[in-house]
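Okay, structure first, notes after.
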Amino acid sequence: MNICVFLSAADLDERYTGPAKEFAELLGKGGHTLVWGGSDVGLMKVVADGVQEAGGRLLGVSVDFLAAKAREGADEMVIAKDLAERKRLLLEKADAVVIMVGGTGTLDEATEILELKKHGHTDKPVVLLNTAGFYDGLKVQFRRMEDEGFLPRPLTELVFFAEEPVGALAYLEESQGIE
């Protein structure tokens, strides 16, 4: 399975890097391909390292202005002309999406895939990996949107909230019929 991971390129502490390494190792050992922003810095590097070390493939989609930070030695690297093309390519190449901790760019990517699902433009499974409770507030906001009629589909059809890496990958594999 090609699993797109949206996440931060920032250097973060162990409460975020530990679970990210665990997820990456599970992904690689499962024989999956990491589809990611292509950067070789911060949390993106942690996940790419973990996937590669565990035997998984790396498919990066960087963007022109960040090409200098693109990971060398990826199995495949595409350079998009802008962020919009990068998002489109990341989603196009993925069978499933995992949203890990990140900043505004990650939030932008997360809401775009959820908007596409909301309108029936994709049926790819989406997991929000709530490491260290990072997305607790967002989960509350999404539930409020659902409760107050802002979502035309049940929240459970749009996104699965996982608290641990093993639960995130198990959900994806189950949704794709992988045992």
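Residues are referred to by chain and number: the chain letter is A, B, ... according to the order shown in the structure tokens, the number counts from 1 in that chain, and ligands are numbered separately from 1 in the order shown.
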Residues of region 97-171 of chain A that approach region 5-12 of chain A to 6 Å or less, counting only C-alpha atoms: could you list each one with the shortest pair of atoms and its distance in Å to one decimal, rows by chain and increasing residue number, as a tab-separated table?
```
residue	atom	partner	partner_atom	distance
A:Val97	CA	A:Val5	CA	5.8
A:Val98	CA	A:Val5	CA	4.8
A:Ile99	CA	A:Phe6	CA	4.9
A:Met100	CA	A:Leu7	CA	4.9
A:Val101	CA	A:Leu7	CA	5.5
A:Gly102	CA	A:Ser8	CA	4.2
A:Thr106	CA	A:Leu7	CA	5.6
```
Inset, instruction - Using only C-alpha atoms, determine which residues lie at most 7 Å from region 54-66 of chain A, disregarding the query and same-chain residues fewer than 4 positions distant; provide the list as a list of chain:residue names. - result: A:Glu25, A:Leu27, A:Gly28, A:Lys29, A:Gly31, A:His32, A:Thr33, A:Leu34, A:Val35, A:Trp36, A:Gly37, A:Gly38, A:Ser39, A:Ala48, A:Gly50, A:Ala70, A:Ala74, A:Asp75, A:Glu76, A:Met77, A:Val78, A:Ile79, A:Ala80, A:Lys81, A:Asp82, A:Leu83, A:Arg86, A:Leu90
Inset, instruction - Would you please work out which residue, of A:Ala84, A:Thr131, A:Asp49, A:Thr122, is nearest to Arg15 (chain A) when using only C-alpha atoms? - result: A:Thr131
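Remark: for Val166 (chain A), the closest of the candidate residues A:Val127, A:Leu114, A:Leu151, A:Val41 is A:Val127 (distances computed over only C-alpha atoms).
The interatomic distance for the pair CA of Lys124 (chain A) and CA of Lys45 (chain A) works out to 24.6 Å.
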Inset, instruction - Looking only at strand (DSSP E or B) from DSSP on the backbone, list the matching residues of chain A as a ChimeraX atom specification. - result: /A:2-6,33-36,39,57-63,70,76-80,96-99,126-129,160-162
Suppose we keep N, CA, C and O atoms; can you now write the selection as a compact mmCIF listing (two decimals), in the first residue's frame?
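Okay, part_17.txt is ready:
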```txt
# COMPACT_ATOMS: atom_id res chain seq x y z
N ASN A 2 0.51 2.25 -0.77
CA ASN A 2 1.18 3.54 -0.75
C ASN A 2 0.49 4.40 0.29
O ASN A 2 -0.68 4.76 0.12
N ILE A 3 1.20 4.72 1.36
CA ILE A 3 0.61 5.47 2.46
C ILE A 3 1.21 6.87 2.50
O ILE A 3 2.41 7.05 2.75
N CYS A 4 0.37 7.86 2.22
CA CYS A 4 0.80 9.25 2.28
C CYS A 4 0.76 9.70 3.74
O CYS A 4 -0.25 9.51 4.42
N VAL A 5 1.85 10.27 4.18
CA VAL A 5 1.92 10.80 5.54
C VAL A 5 2.14 12.30 5.47
O VAL A 5 3.12 12.76 4.88
N PHE A 6 1.19 13.05 6.02
CA PHE A 6 1.34 14.49 6.15
C PHE A 6 1.88 14.74 7.55
O PHE A 6 1.30 14.27 8.54
N THR A 33 4.85 1.48 1.09
CA THR A 33 5.62 2.60 0.58
C THR A 33 5.18 3.87 1.28
O THR A 33 3.98 4.14 1.38
N LEU A 34 6.15 4.64 1.76
CA LEU A 34 5.88 5.95 2.34
C LEU A 34 5.81 6.96 1.20
O LEU A 34 6.76 7.09 0.42
N VAL A 35 4.69 7.65 1.11
CA VAL A 35 4.53 8.77 0.18
C VAL A 35 4.54 10.00 1.08
O VAL A 35 3.68 10.14 1.94
N TRP A 36 5.55 10.87 0.91
CA TRP A 36 5.67 12.00 1.83
C TRP A 36 6.26 13.20 1.11
O TRP A 36 6.62 13.11 -0.05
N SER A 39 11.11 15.79 2.14
CA SER A 39 12.17 16.48 2.87
C SER A 39 12.99 15.52 3.71
O SER A 39 12.49 14.52 4.22
N ARG A 57 9.59 1.24 1.00
CA ARG A 57 10.00 2.11 -0.09
C ARG A 57 9.69 3.57 0.25
O ARG A 57 8.77 3.84 1.01
N LEU A 58 10.42 4.48 -0.40
CA LEU A 58 10.22 5.92 -0.21
C LEU A 58 9.87 6.57 -1.54
O LEU A 58 10.63 6.48 -2.51
N LEU A 59 8.70 7.23 -1.57
CA LEU A 59 8.26 7.97 -2.74
C LEU A 59 8.03 9.41 -2.27
O LEU A 59 7.05 9.69 -1.58
N GLY A 60 8.95 10.28 -2.62
CA GLY A 60 8.87 11.66 -2.17
C GLY A 60 8.29 12.59 -3.22
O GLY A 60 8.49 12.39 -4.41
N VAL A 61 7.56 13.60 -2.75
CA VAL A 61 7.05 14.65 -3.62
C VAL A 61 7.46 15.97 -2.97
O VAL A 61 6.80 16.44 -2.05
N SER A 62 8.56 16.51 -3.44
CA SER A 62 9.03 17.78 -2.90
C SER A 62 8.46 18.91 -3.75
O SER A 62 7.65 18.67 -4.65
N VAL A 63 8.86 20.10 -3.45
CA VAL A 63 8.39 21.26 -4.20
C VAL A 63 9.61 22.08 -4.59
O VAL A 63 10.63 22.05 -3.88
N ALA A 70 15.40 18.05 -0.32
CA ALA A 70 14.84 16.75 -0.71
C ALA A 70 15.82 15.64 -0.35
O ALA A 70 17.04 15.80 -0.41
N GLU A 76 11.97 7.01 -5.23
CA GLU A 76 11.44 7.88 -6.28
C GLU A 76 11.26 9.27 -5.67
O GLU A 76 10.81 9.41 -4.54
N MET A 77 11.62 10.32 -6.44
CA MET A 77 11.46 11.69 -5.98
C MET A 77 10.90 12.52 -7.13
O MET A 77 11.47 12.54 -8.22
N VAL A 78 9.79 13.18 -6.88
CA VAL A 78 9.16 14.06 -7.84
C VAL A 78 9.27 15.47 -7.29
O VAL A 78 9.08 15.68 -6.09
N ILE A 79 9.59 16.43 -8.15
CA ILE A 79 9.64 17.84 -7.73
C ILE A 79 8.47 18.57 -8.37
O ILE A 79 8.40 18.71 -9.59
N ALA A 80 7.54 19.03 -7.52
CA ALA A 80 6.37 19.78 -7.99
C ALA A 80 6.73 21.25 -8.14
O ALA A 80 7.65 21.74 -7.50
N ALA A 96 -3.86 5.61 0.80
CA ALA A 96 -4.39 5.98 2.11
C ALA A 96 -3.58 7.15 2.64
O ALA A 96 -2.47 7.42 2.17
N VAL A 97 -4.13 7.84 3.65
CA VAL A 97 -3.48 9.03 4.21
C VAL A 97 -3.43 8.93 5.73
O VAL A 97 -4.42 8.55 6.37
N VAL A 98 -2.27 9.30 6.28
CA VAL A 98 -2.11 9.42 7.73
C VAL A 98 -1.67 10.84 8.02
O VAL A 98 -0.72 11.35 7.40
N ILE A 99 -2.37 11.48 8.93
CA ILE A 99 -2.03 12.84 9.34
C ILE A 99 -1.33 12.74 10.69
O ILE A 99 -1.92 12.31 11.67
N VAL A 126 -8.52 7.77 5.71
CA VAL A 126 -7.72 8.83 6.33
C VAL A 126 -7.67 8.57 7.84
O VAL A 126 -8.71 8.37 8.48
N VAL A 127 -6.46 8.59 8.37
CA VAL A 127 -6.25 8.41 9.81
C VAL A 127 -5.59 9.65 10.36
O VAL A 127 -4.62 10.16 9.79
N LEU A 128 -6.11 10.14 11.45
CA LEU A 128 -5.47 11.23 12.17
C LEU A 128 -4.79 10.60 13.38
O LEU A 128 -5.46 10.07 14.26
N LEU A 129 -3.46 10.57 13.37
CA LEU A 129 -2.69 9.96 14.45
C LEU A 129 -2.48 11.01 15.54
O LEU A 129 -1.70 11.95 15.38
N PHE A 160 -10.52 8.49 10.73
CA PHE A 160 -10.41 7.60 11.88
C PHE A 160 -9.36 8.20 12.81
O PHE A 160 -8.25 8.53 12.37
N PHE A 161 -9.71 8.39 14.07
CA PHE A 161 -8.75 8.92 15.05
C PHE A 161 -8.04 7.76 15.72
O PHE A 161 -8.68 6.90 16.32
N ALA A 162 -6.72 7.72 15.60
CA ALA A 162 -5.91 6.68 16.24
C ALA A 162 -5.03 7.33 17.28
O ALA A 162 -4.46 8.40 17.05
```
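Distance-wise, CA of Thr17 (chain A) and CA of Val46 (chain A) end up 6.9 Å apart.
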